[in-house]
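The structure file upload_31.pdb is reproduced below (PDB, C-alpha atoms and all ligand atoms).
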ATOM      1  CA  MET A   1       4.116  -6.092  12.563
ATOM      2  CA  THR A   2       3.979  -6.787   8.849
ATOM      3  CA  ILE A   3       4.136  -3.764   6.570
ATOM      4  CA  LYS A   4       2.603  -4.328   3.142
ATOM      5  CA  PHE A   5       4.422  -3.089   0.085
ATOM      6  CA  GLY A   6       1.427  -0.889  -0.713
ATOM      7  CA  GLU A   7       1.815   0.851   2.646
ATOM      8  CA  ILE A   8       5.520   1.458   2.025
ATOM      9  CA  LEU A   9       4.637   2.867  -1.385
ATOM     10  CA  GLU A  10       2.019   5.178   0.116
ATOM     11  CA  ILE A  11       4.434   6.425   2.781
ATOM     12  CA  THR A  12       7.122   6.961   0.140
ATOM     13  CA  LEU A  13       4.777   8.913  -2.116
ATOM     14  CA  LEU A  14       3.551  11.023   0.780
ATOM     15  CA  LEU A  15       7.137  11.858   1.697
ATOM     16  CA  LEU A  16       7.942  12.680  -1.915
ATOM     17  CA  THR A  17       5.009  15.060  -2.189
ATOM     18  CA  ALA A  18       5.898  16.671   1.148
ATOM     19  CA  VAL A  19       9.297  17.954   0.016
ATOM     20  CA  SER A  20       9.795  21.059  -2.066
ATOM     21  CA  ASN A  21      11.675  20.963  -5.360
ATOM     22  CA  ALA A  22      14.704  22.392  -3.584
ATOM     23  CA  ASP A  23      14.710  19.349  -1.332
ATOM     24  CA  ALA A  24      13.876  16.877  -4.120
ATOM     25  CA  LYS A  25      15.602  13.566  -3.966
ATOM     26  CA  LYS A  26      18.919  13.562  -5.825
ATOM     27  CA  CYS A  27      20.250  10.113  -4.950
ATOM     28  CA  SER A  28      19.058   6.772  -3.649
ATOM     29  CA  ARG A  29      18.344   6.831   0.094
ATOM     30  CA  LEU A  30      17.222   3.410   1.263
ATOM     31  CA  VAL A  31      19.917   1.546  -0.662
ATOM     32  CA  THR A  32      22.854   3.921  -0.888
ATOM     33  CA  ALA A  33      25.593   4.054  -3.528
ATOM     34  CA  GLU A  34      27.993   2.633  -0.936
ATOM     35  CA  MET A  35      25.689  -0.328  -0.324
ATOM     36  CA  ARG A  36      25.428  -0.978  -4.065
ATOM     37  CA  THR A  37      29.221  -0.848  -4.386
ATOM     38  CA  ASN A  38      29.533  -3.383  -1.566
ATOM     39  CA  ALA A  39      26.970  -5.618  -3.246
ATOM     40  CA  LEU A  40      28.915  -5.586  -6.529
ATOM     41  CA  GLU A  41      32.165  -6.363  -4.683
ATOM     42  CA  ASN A  42      30.436  -9.324  -3.054
ATOM     43  CA  VAL A  43      29.228 -10.547  -6.460
ATOM     44  CA  ASN A  44      32.869 -10.665  -7.597
ATOM     45  CA  LYS A  45      34.015 -12.424  -4.419
ATOM     46  CA  TYR A  46      31.304 -14.883  -3.418
ATOM     47  CA  SER A  47      29.311 -17.458  -5.366
ATOM     48  CA  TRP A  48      26.191 -16.884  -3.221
ATOM     49  CA  ALA A  49      26.235 -13.192  -4.144
ATOM     50  CA  GLU A  50      26.752 -14.034  -7.799
ATOM     51  CA  GLN A  51      23.683 -16.276  -7.604
ATOM     52  CA  GLU A  52      21.671 -13.464  -5.978
ATOM     53  CA  GLN A  53      22.620 -11.205  -8.869
ATOM     54  CA  LYS A  54      21.568 -13.839 -11.418
ATOM     55  CA  ASN A  55      18.212 -14.247  -9.656
ATOM     56  CA  ALA A  56      17.664 -10.472  -9.553
ATOM     57  CA  ILE A  57      18.354 -10.193 -13.295
ATOM     58  CA  LEU A  58      15.976 -13.091 -13.982
ATOM     59  CA  TYR A  59      13.122 -11.570 -11.943
ATOM     60  CA  ALA A  60      13.539  -8.196 -13.664
ATOM     61  CA  GLU A  61      13.822  -9.637 -17.161
ATOM     62  CA  PRO A  62      10.128  -9.467 -18.197
ATOM     63  CA  TRP A  63       9.925  -5.879 -16.940
ATOM     64  CA  VAL A  64      13.109  -4.495 -18.414
ATOM     65  CA  LYS A  65      12.092  -5.823 -21.843
ATOM     66  CA  LEU A  66       8.985  -3.611 -21.882
ATOM     67  CA  SER A  67       8.996  -0.180 -23.458
ATOM     68  CA  ASP A  68       8.441   2.861 -21.255
ATOM     69  CA  ASP A  69       4.991   3.277 -22.822
ATOM     70  CA  GLU A  70       4.051  -0.314 -22.036
ATOM     71  CA  LEU A  71       5.115   0.102 -18.403
ATOM     72  CA  TRP A  72       3.271   3.425 -18.128
ATOM     73  CA  ASN A  73       0.089   1.798 -19.467
ATOM     74  CA  PHE A  74       0.112  -0.951 -16.844
ATOM     75  CA  ILE A  75      -0.842   1.503 -14.085
ATOM     76  CA  THR A  76      -4.596   1.649 -13.631
ATOM     77  CA  SER A  77      -6.369   4.615 -12.079
ATOM     78  CA  GLN A  78      -8.963   5.302  -9.368
ATOM     79  CA  GLU A  79     -12.137   4.653 -11.315
ATOM     80  CA  LEU A  80     -11.174   1.075 -12.171
ATOM     81  CA  PRO A  81     -12.228  -0.656  -8.933
ATOM     82  CA  ARG A  82     -10.099  -2.983  -6.807
ATOM     83  CA  ASP A  83     -11.691  -5.825  -4.824
ATOM     84  CA  ILE A  84     -10.155  -8.636  -2.788
ATOM     85  CA  HIS A  85     -13.208 -10.854  -3.450
ATOM     86  CA  THR A  86     -15.507 -11.546  -6.416
ATOM     87  CA  ASN A  87     -18.648 -12.594  -4.519
ATOM     88  CA  LYS A  88     -18.077 -14.223  -1.113
ATOM     89  CA  THR A  89     -21.710 -15.367  -0.794
ATOM     90  CA  VAL A  90     -22.117 -17.166  -4.112
ATOM     91  CA  GLY A  91     -18.505 -18.179  -4.764
ATOM     92  CA  CYS A  92     -17.836 -19.267  -8.349
ATOM     93  CA  PRO A  93     -20.663 -18.476 -10.821
ATOM     94  CA  ASN A  94     -20.321 -22.010 -12.196
ATOM     95  CA  CYS A  95     -19.409 -24.365  -9.321
ATOM     96  CA  GLU A  96     -20.537 -22.036  -6.496
ATOM     97  CA  ASP A  97     -19.079 -23.253  -3.168
ATOM     98  CA  GLY A  98     -16.925 -25.782  -5.007
ATOM     99  CA  ILE A  99     -14.333 -22.991  -4.874
ATOM    100  CA  ALA A 100     -14.543 -22.699  -1.061
ATOM    101  CA  PRO A 101     -11.749 -25.184  -0.194
ATOM    102  CA  TYR A 102      -9.282 -23.036  -2.142
ATOM    103  CA  GLY A 103      -9.075 -20.294   0.474
ATOM    104  CA  ASN A 104     -10.047 -16.653   0.911
ATOM    105  CA  TYR A 105      -8.521 -15.460  -2.359
ATOM    106  CA  PRO A 106      -8.915 -18.563  -4.511
ATOM    107  CA  TRP A 107      -9.047 -17.316  -8.095
ATOM    108  CA  LYS A 108      -6.124 -18.015 -10.398
ATOM    109  CA  TYR A 109      -4.753 -15.585 -12.981
ATOM    110  CA  ASP A 110      -1.835 -15.291 -15.389
ATOM    111  CA  PHE A 111      -0.762 -11.668 -15.721
ATOM    112  CA  TRP A 112       1.559 -12.236 -18.693
ATOM    113  CA  ASN A 113      -0.456 -14.777 -20.721
ATOM    114  CA  GLU A 114      -4.153 -14.277 -19.863
ATOM    115  CA  PRO A 115      -4.583 -10.575 -19.069
ATOM    116  CA  TRP A 116      -7.849  -9.502 -17.446
ATOM    117  CA  LYS A 117      -9.082 -13.076 -16.878
ATOM    118  CA  ILE A 118      -9.555 -15.002 -13.645
ATOM    119  CA  LYS A 119      -9.915 -18.781 -13.501
ATOM    120  CA  CYS A 120     -11.717 -20.944 -10.968
ATOM    121  CA  PRO A 121      -9.214 -23.381  -9.385
ATOM    122  CA  ASN A 122     -12.005 -25.955  -8.978
ATOM    123  CA  CYS A 123     -13.923 -26.008 -12.292
ATOM    124  CA  ASP A 124     -11.429 -24.069 -14.499
ATOM    125  CA  GLU A 125     -14.108 -21.686 -15.817
ATOM    126  CA  MET A 126     -12.689 -18.295 -16.827
ATOM    127  CA  TYR A 127     -14.269 -14.873 -16.294
ATOM    128  CA  PRO A 128     -15.222 -12.372 -17.544
ATOM    129  CA  ARG A 129     -16.264 -13.641 -20.970
ATOM    130  CA  ASN A 130     -15.750 -10.298 -22.707
ATOM    131  CA  ASP A 131     -12.456  -8.869 -23.950
ATOM    132  CA  PHE A 132     -12.172  -6.365 -21.120
ATOM    133  CA  TYR A 133      -8.920  -4.834 -22.353
ATOM    134  CA  ALA A 134     -10.547  -3.920 -25.696
ATOM    135  CA  PHE A 135     -13.164  -1.945 -23.733
ATOM    136  CA  TYR A 136     -10.571  -0.545 -21.292
ATOM    137  CA  LYS A 137      -8.568   1.069 -24.105
ATOM    138  CA  THR A 138     -11.659   3.011 -25.214
ATOM    139  CA  THR A 139     -12.315   4.373 -21.709
ATOM    140  CA  LEU A 140      -9.074   6.312 -21.287
ATOM    141  CA  ASP A 141      -9.293  10.098 -21.077
ATOM    142  CA  GLU A 142      -6.636  12.541 -22.320
ATOM    143  CA  HIS A 143      -4.521  11.739 -19.230
ATOM    144  CA  GLY A 144      -4.824   7.974 -19.679
ATOM    145  CA  MET A 145      -7.251   7.621 -16.760
ATOM    146  CA  PHE A 146     -10.057   5.018 -16.814
ATOM    147  CA  ARG A 147     -13.426   6.757 -17.232
ATOM    148  CA  ARG A 148     -16.104   4.104 -17.647
ATOM    149  CA  GLU A 149     -18.556   6.509 -19.252
ATOM    150  CA  LEU A 150     -16.150   7.173 -22.150
ATOM    151  CA  GLY A 151     -15.896   3.480 -23.110
ATOM    152  CA  ASP A 152     -17.338   1.934 -26.267
ATOM    153  CA  ARG A 153     -20.075  -0.261 -24.817
ATOM    154  CA  SER A 154     -20.570  -2.074 -28.136
ATOM    155  CA  LEU A 155     -17.381  -3.946 -27.134
ATOM    156  CA  LEU A 156     -19.083  -5.324 -24.012
ATOM    157  CA  PHE A 157     -20.338  -8.752 -25.060
ATOM    158  CA  ASN A 158     -19.701 -12.413 -24.341
ATOM    159  CA  ALA A 159     -17.060 -13.421 -26.912
ATOM    160  CA  GLU A 160     -18.563 -16.933 -27.106
ATOM    161  CA  HIS A 161     -21.953 -15.419 -28.019
ATOM    162  CA  PRO A 162     -21.192 -12.509 -30.377
ATOM    163  CA  ASP A 163     -24.684 -12.395 -31.933
ATOM    164  CA  PRO A 164     -26.675  -9.611 -30.204
ATOM    165  CA  LYS A 165     -29.831 -11.740 -30.597
ATOM    166  CA  ASP A 166     -28.230 -14.541 -28.575
ATOM    167  CA  PRO A 167     -29.762 -14.498 -25.061
ATOM    168  CA  LEU A 168     -26.279 -15.155 -23.617
ATOM    169  CA  HIS A 169     -24.743 -12.157 -25.459
ATOM    170  CA  LYS A 170     -24.352 -10.100 -22.253
ATOM    171  CA  LEU A 171     -23.795 -12.964 -19.799
ATOM    172  CA  TYR A 172     -20.608 -12.728 -17.664
ATOM    173  CA  VAL A 173     -19.682  -9.382 -19.203
ATOM    174  CA  ASP A 174     -17.738  -7.031 -16.923
ATOM    175  CA  ASP A 175     -17.123  -3.328 -17.626
ATOM    176  CA  GLY A 176     -14.901  -3.026 -14.530
ATOM    177  CA  TYR A 177     -17.796  -2.741 -12.082
ATOM    178  CA  GLY A 178     -18.871  -6.382 -12.085
ATOM    179  CA  MET A 179     -20.605  -9.044 -14.155
ATOM    180  CA  VAL A 180     -23.997 -10.616 -13.553
ATOM    181  CA  ASP A 181     -24.633 -14.378 -13.533
ATOM    182  CA  GLU A 182     -27.747 -16.261 -14.683
ATOM    183  CA  ASN A 183     -29.348 -15.734 -11.261
ATOM    184  CA  GLY A 184     -28.745 -12.000 -11.192
ATOM    185  CA  ASN A 185     -25.825 -12.109  -8.730
ATOM    186  CA  LYS A 186     -23.000  -9.658  -9.263
ATOM    187  CA  HIS A 187     -19.372 -10.867  -9.340
ATOM    188  CA  HIS A 188     -16.378  -8.507  -9.327
ATOM    189  CA  ALA A 189     -14.148 -10.397 -11.745
ATOM    190  CA  VAL A 190     -12.267  -7.443 -13.267
ATOM    191  CA  ALA A 191     -11.913  -5.683  -9.887
ATOM    192  CA  TYR A 192     -10.456  -8.892  -8.406
ATOM    193  CA  TYR A 193      -7.983  -9.107 -11.291
ATOM    194  CA  ASN A 194      -7.102  -5.428 -10.933
ATOM    195  CA  GLN A 195      -6.391  -5.942  -7.223
ATOM    196  CA  TRP A 196      -4.499  -9.229  -7.232
ATOM    197  CA  ALA A 197      -3.011  -9.544 -10.721
ATOM    198  CA  GLN A 198      -2.548  -6.001 -12.013
ATOM    199  CA  TRP A 199      -1.489  -4.112  -8.875
ATOM    200  CA  ARG A 200       0.474  -7.022  -7.414
ATOM    201  CA  ALA A 201       2.353  -7.283 -10.711
ATOM    202  CA  ILE A 202       3.080  -3.543 -10.590
ATOM    203  CA  TYR A 203       4.497  -3.891  -7.049
ATOM    204  CA  ASN A 204       6.478  -6.981  -8.042
ATOM    205  CA  GLY A 205       7.822  -5.231 -11.118
ATOM    206  CA  LEU A 206       9.040  -2.321  -9.007
ATOM    207  CA  SER A 207      10.616  -4.641  -6.470
ATOM    208  CA  SER A 208      12.311  -6.738  -9.155
ATOM    209  CA  LEU A 209      13.667  -3.731 -11.046
ATOM    210  CA  GLY A 210      14.920  -2.143  -7.809
ATOM    211  CA  GLY A 211      16.611  -5.403  -6.839
ATOM    212  CA  ALA A 212      18.281  -5.755 -10.219
ATOM    213  CA  TYR A 213      19.584  -2.171 -10.093
ATOM    214  CA  THR A 214      20.946  -2.727  -6.602
ATOM    215  CA  LEU A 215      22.825  -5.881  -7.569
ATOM    216  CA  THR A 216      24.073  -4.805 -11.017
ATOM    217  CA  GLY A 217      24.376  -1.011 -10.952
ATOM    218  CA  ASP A 218      22.784  -0.978 -14.427
ATOM    219  CA  LYS A 219      20.792   2.247 -14.650
ATOM    220  CA  LEU A 220      18.371   0.773 -17.193
ATOM    221  CA  TYR A 221      16.683  -1.071 -14.304
ATOM    222  CA  ALA A 222      16.446   2.149 -12.288
ATOM    223  CA  HIS A 223      15.021   3.972 -15.304
ATOM    224  CA  LYS A 224      12.270   1.355 -15.810
ATOM    225  CA  ALA A 225      11.381   1.471 -12.097
ATOM    226  CA  ALA A 226      11.239   5.277 -12.283
ATOM    227  CA  VAL A 227       8.750   5.091 -15.180
ATOM    228  CA  ILE A 228       6.432   2.969 -13.028
ATOM    229  CA  LEU A 229       6.839   5.228  -9.971
ATOM    230  CA  ASP A 230       6.277   8.332 -12.077
ATOM    231  CA  ARG A 231       3.002   6.940 -13.439
ATOM    232  CA  ILE A 232       1.846   5.837  -9.974
ATOM    233  CA  ALA A 233       2.498   9.416  -8.850
ATOM    234  CA  ASP A 234       0.151  10.581 -11.660
ATOM    235  CA  VAL A 235      -2.772   8.373 -10.564
ATOM    236  CA  TYR A 236      -2.136   8.550  -6.812
ATOM    237  CA  PRO A 237      -3.838  11.892  -6.016
ATOM    238  CA  GLU A 238      -7.218  10.497  -7.214
ATOM    239  CA  MET A 239      -6.804   7.191  -5.423
ATOM    240  CA  ASP A 240      -9.403   6.795  -2.663
ATOM    241  CA  PHE A 241     -10.955   3.525  -1.558
ATOM    242  CA  MET A 242     -14.008   5.170   0.078
ATOM    243  CA  PRO A 243     -16.099   5.607  -3.113
ATOM    244  CA  LEU A 244     -15.395   1.975  -4.009
ATOM    245  CA  HIS A 245     -16.281   0.872  -0.463
ATOM    246  CA  LYS A 246     -19.620   2.680  -0.750
ATOM    247  CA  MET A 247     -20.321   0.795  -3.993
ATOM    248  CA  GLY A 248     -19.682  -2.558  -2.319
ATOM    249  CA  PHE A 249     -16.093  -3.262  -3.340
ATOM    250  CA  GLU A 250     -14.186  -4.932  -0.525
ATOM    251  CA  HIS A 251     -10.718  -4.485   0.902
ATOM    252  CA  SER A 252      -8.749  -5.027   4.076
ATOM    253  CA  HIS A 253      -9.542  -1.724   5.854
ATOM    254  CA  GLY A 254     -11.276  -3.359   8.816
ATOM    255  CA  GLY A 255     -14.674  -1.838   7.979
ATOM    256  CA  PRO A 256     -14.513   1.972   7.631
ATOM    257  CA  GLY A 257     -13.518   2.021   3.948
ATOM    258  CA  ARG A 258     -10.250   3.921   4.434
ATOM    259  CA  GLY A 259      -7.326   3.540   2.065
ATOM    260  CA  ARG A 260      -6.212   4.679  -1.342
ATOM    261  CA  ILE A 261      -4.965   2.122  -3.876
ATOM    262  CA  GLU A 262      -5.757  -0.537  -1.274
ATOM    263  CA  GLY A 263      -7.613  -0.547   2.028
ATOM    264  CA  CYS A 264      -5.656   0.297   5.157
TER     265      CYS A 264
HETATM  266 ZN    ZN B 301     -15.817 -22.894 -10.371
END

Could you express the structure from this file as structure tokens?
Amino acid sequence: MTIKFGEILEITLLLLTAVSNADAKKCSRLVTAEMRTNALENVNKYSWAEQEQKNAILYAEPWVKLSDDELWNFITSQELPRDIHTNKTVGCPNCEDGIAPYGNYPWKYDFWNEPWKIKCPNCDEMYPRNDFYAFYKTTLDEHGMFRRELGDRSLLFNAEHPDPKDPLHKLYVDDGYGMVDENGNKHHAVAYYNQWAQWRAIYNGLSSLGGAYTLTGDKLYAHKAAVILDRIADVYPEMDFMPLHKMGFEHSHGGPGRGRIEGC
């Protein structure tokens, strides 16, 4: 049986919320201090362990360079949908089923260099055409949660057609809940990015920082991982896939719409 990282995270958070403050975690449990000491001894003794440490530091590097605020802001909340597909029926808005040979989850993305954009692997078209992050920043409530209704909708326009009189001004513009193509079909570009780029990066960041702490003992890595976990704990109580399921967002829950950050 394969356990997804998201499931481990959910179990961990459930366990954390189940204990009282008196029982709150005071030390690492899964990887103990003794295990970390052994790992550091191995780094000093064996070249393979030294290489593992170098790799762990490399993977964690982009994350440990970020400020606590930057890490905190990466965590998106319930009302920004997640979807494993954009539109399975139409495919790519531009090349349609030209994208089909590229698999179930074909869209490309670059979390660090092209935030909130997905790219067709067949025709290289990028979506959405609006600056979604500019809109996103205006949607945040006093707790930093995405509330679509708070957003500045004047920021929702096709950046290649900024003139409001241009008939293409609103084409391929996504406010988080999908963009509409020339034929009126909806595509979940931002939700796809949120699922595969944003949340996968968050999981990878946690895993990389945890790995680097384990193999170096440097508490800066543990601190950065704790910032991410702390913010996930903030958004987790609201997380519920069912409302998204009812609106047509898809995930791997086998049909009934169960799940929180992801389907399960
Ligand atoms: Zn395409």

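Across the chains present, the PyMOL selection byres (((chain A and resi 219-222) around 10) and not hetatm) applied to this file returns A:Ile57, A:Ala60, A:Glu61, A:Trp63, A:Val64, A:Leu206, A:Ser208, A:Leu209, A:Gly210, A:Gly211, A:Ala212, A:Tyr213, A:Thr214, A:Thr216, A:Gly217, A:Asp218, A:His223, A:Lys224, A:Ala225, A:Ala226, A:Val227.
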
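Between CA of Gly144 in chain A and CA of Val180 in chain A there is a distance of 27.4 Å.
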
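Compared by their closest atoms to Tyr192 in chain A, and using all atoms listed in the file, the residues A:Ala159, A:Ile232, A:Ile84, A:Met179 rank with A:Ile84 nearest.
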
Query raised in the report: Given a cut-off of 9 Å, what residues near ligand ZN 301 (chain B) show up using only C-alpha atoms and all ligand atoms, put as JSON, numbers by chain?
Result: {"A": [91, 92, 93, 94, 95, 96, 97, 98, 99, 119, 120, 121, 122, 123, 124, 125, 126]}

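Residues with any atom within 6 Å of the point (-3.1, 4.0, -2.1), counting all atoms listed in the file, are A:Glu10, A:Met239, A:Gly259, A:Arg260, A:Ile261, A:Glu262.
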
Requested in this report: Determine the residue membership of the PyMOL selection byres (((chain A and resi 148-157) around 8) and not hetatm) for the file above and supply it as a PyMOL selection string.
Outcome: chain A and resi 79-80+129-132+134-141+146-147+158-159+161-162+169-171+173-176

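Note that CA of His188 in chain A and CA of Asp163 in chain A are 24.4 Å apart.
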
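Across A:Ser207, A:His143, A:Ile118, A:Tyr109, the tightest approach to Tyr172 in chain A is made by A:Ile118 when counting only C-alpha atoms.
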
Missing atoms in range 164-181 of chain A need filling: write out N, CA, C and O atoms for it as an mmCIF file, in the coordinates of the input.
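Once everything was written out, this is selection_9.cif:
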data_model
loop_
_atom_site.group_PDB
_atom_site.id
_atom_site.type_symbol
_atom_site.label_atom_id
_atom_site.label_comp_id
_atom_site.auth_asym_id
_atom_site.auth_seq_id
_atom_site.Cartn_x
_atom_site.Cartn_y
_atom_site.Cartn_z
ATOM 1 N N PRO A 164 -25.859 -10.378 -31.171
ATOM 2 C CA PRO A 164 -26.675 -9.611 -30.204
ATOM 3 C C PRO A 164 -28.033 -10.247 -29.910
ATOM 4 O O PRO A 164 -28.627 -9.985 -28.869
ATOM 5 N N LYS A 165 -28.525 -11.101 -30.832
ATOM 6 C CA LYS A 165 -29.831 -11.740 -30.597
ATOM 7 C C LYS A 165 -29.703 -12.952 -29.672
ATOM 8 O O LYS A 165 -30.711 -13.472 -29.184
ATOM 9 N N ASP A 166 -28.470 -13.392 -29.458
ATOM 10 C CA ASP A 166 -28.230 -14.541 -28.575
ATOM 11 C C ASP A 166 -28.561 -14.135 -27.133
ATOM 12 O O ASP A 166 -28.067 -13.119 -26.642
ATOM 13 N N PRO A 167 -29.403 -14.888 -26.446
ATOM 14 C CA PRO A 167 -29.762 -14.498 -25.061
ATOM 15 C C PRO A 167 -28.561 -14.479 -24.100
ATOM 16 O O PRO A 167 -28.644 -13.869 -23.032
ATOM 17 N N LEU A 168 -27.469 -15.137 -24.492
ATOM 18 C CA LEU A 168 -26.279 -15.155 -23.617
ATOM 19 C C LEU A 168 -25.256 -14.074 -24.009
ATOM 20 O O LEU A 168 -24.150 -14.045 -23.471
ATOM 21 N N HIS A 169 -25.660 -13.186 -24.924
ATOM 22 C CA HIS A 169 -24.743 -12.157 -25.459
ATOM 23 C C HIS A 169 -24.107 -11.306 -24.355
ATOM 24 O O HIS A 169 -22.946 -10.911 -24.454
ATOM 25 N N LYS A 170 -24.852 -10.995 -23.309
ATOM 26 C CA LYS A 170 -24.352 -10.100 -22.253
ATOM 27 C C LYS A 170 -23.996 -10.853 -20.961
ATOM 28 O O LYS A 170 -23.683 -10.229 -19.943
ATOM 29 N N LEU A 171 -24.058 -12.187 -21.012
ATOM 30 C CA LEU A 171 -23.795 -12.964 -19.799
ATOM 31 C C LEU A 171 -22.300 -12.949 -19.453
ATOM 32 O O LEU A 171 -21.450 -13.138 -20.325
ATOM 33 N N TYR A 172 -21.994 -12.755 -18.166
ATOM 34 C CA TYR A 172 -20.608 -12.728 -17.664
ATOM 35 C C TYR A 172 -19.768 -11.659 -18.362
ATOM 36 O O TYR A 172 -18.611 -11.876 -18.701
ATOM 37 N N VAL A 173 -20.373 -10.513 -18.587
ATOM 38 C CA VAL A 173 -19.682 -9.382 -19.203
ATOM 39 C C VAL A 173 -19.413 -8.334 -18.129
ATOM 40 O O VAL A 173 -20.329 -7.910 -17.425
ATOM 41 N N ASP A 174 -18.159 -7.934 -18.002
ATOM 42 C CA ASP A 174 -17.738 -7.031 -16.923
ATOM 43 C C ASP A 174 -17.132 -5.766 -17.524
ATOM 44 O O ASP A 174 -16.177 -5.839 -18.306
ATOM 45 N N ASP A 175 -17.671 -4.605 -17.144
ATOM 46 C CA ASP A 175 -17.123 -3.328 -17.626
ATOM 47 C C ASP A 175 -16.178 -2.709 -16.597
ATOM 48 O O ASP A 175 -15.823 -1.543 -16.703
ATOM 49 N N GLY A 176 -15.769 -3.504 -15.607
ATOM 50 C CA GLY A 176 -14.901 -3.026 -14.530
ATOM 51 C C GLY A 176 -15.644 -2.976 -13.209
ATOM 52 O O GLY A 176 -15.046 -3.018 -12.141
ATOM 53 N N TYR A 177 -16.980 -2.884 -13.291
ATOM 54 C CA TYR A 177 -17.796 -2.741 -12.082
ATOM 55 C C TYR A 177 -18.601 -3.998 -11.769
ATOM 56 O O TYR A 177 -19.507 -3.969 -10.939
ATOM 57 N N GLY A 178 -18.262 -5.107 -12.426
ATOM 58 C CA GLY A 178 -18.871 -6.382 -12.085
ATOM 59 C C GLY A 178 -19.660 -6.992 -13.222
ATOM 60 O O GLY A 178 -20.095 -6.295 -14.147
ATOM 61 N N MET A 179 -19.815 -8.310 -13.154
ATOM 62 C CA MET A 179 -20.605 -9.044 -14.155
ATOM 63 C C MET A 179 -21.744 -9.759 -13.424
ATOM 64 O O MET A 179 -21.659 -10.045 -12.233
ATOM 65 N N VAL A 180 -22.807 -10.020 -14.166
ATOM 66 C CA VAL A 180 -23.997 -10.616 -13.553
ATOM 67 C C VAL A 180 -24.154 -12.052 -14.067
ATOM 68 O O VAL A 180 -23.993 -12.313 -15.267
ATOM 69 N N ASP A 181 -24.451 -12.984 -13.128
ATOM 70 C CA ASP A 181 -24.633 -14.378 -13.533
ATOM 71 C C ASP A 181 -26.094 -14.654 -13.911
ATOM 72 O O ASP A 181 -26.950 -13.746 -13.898
#
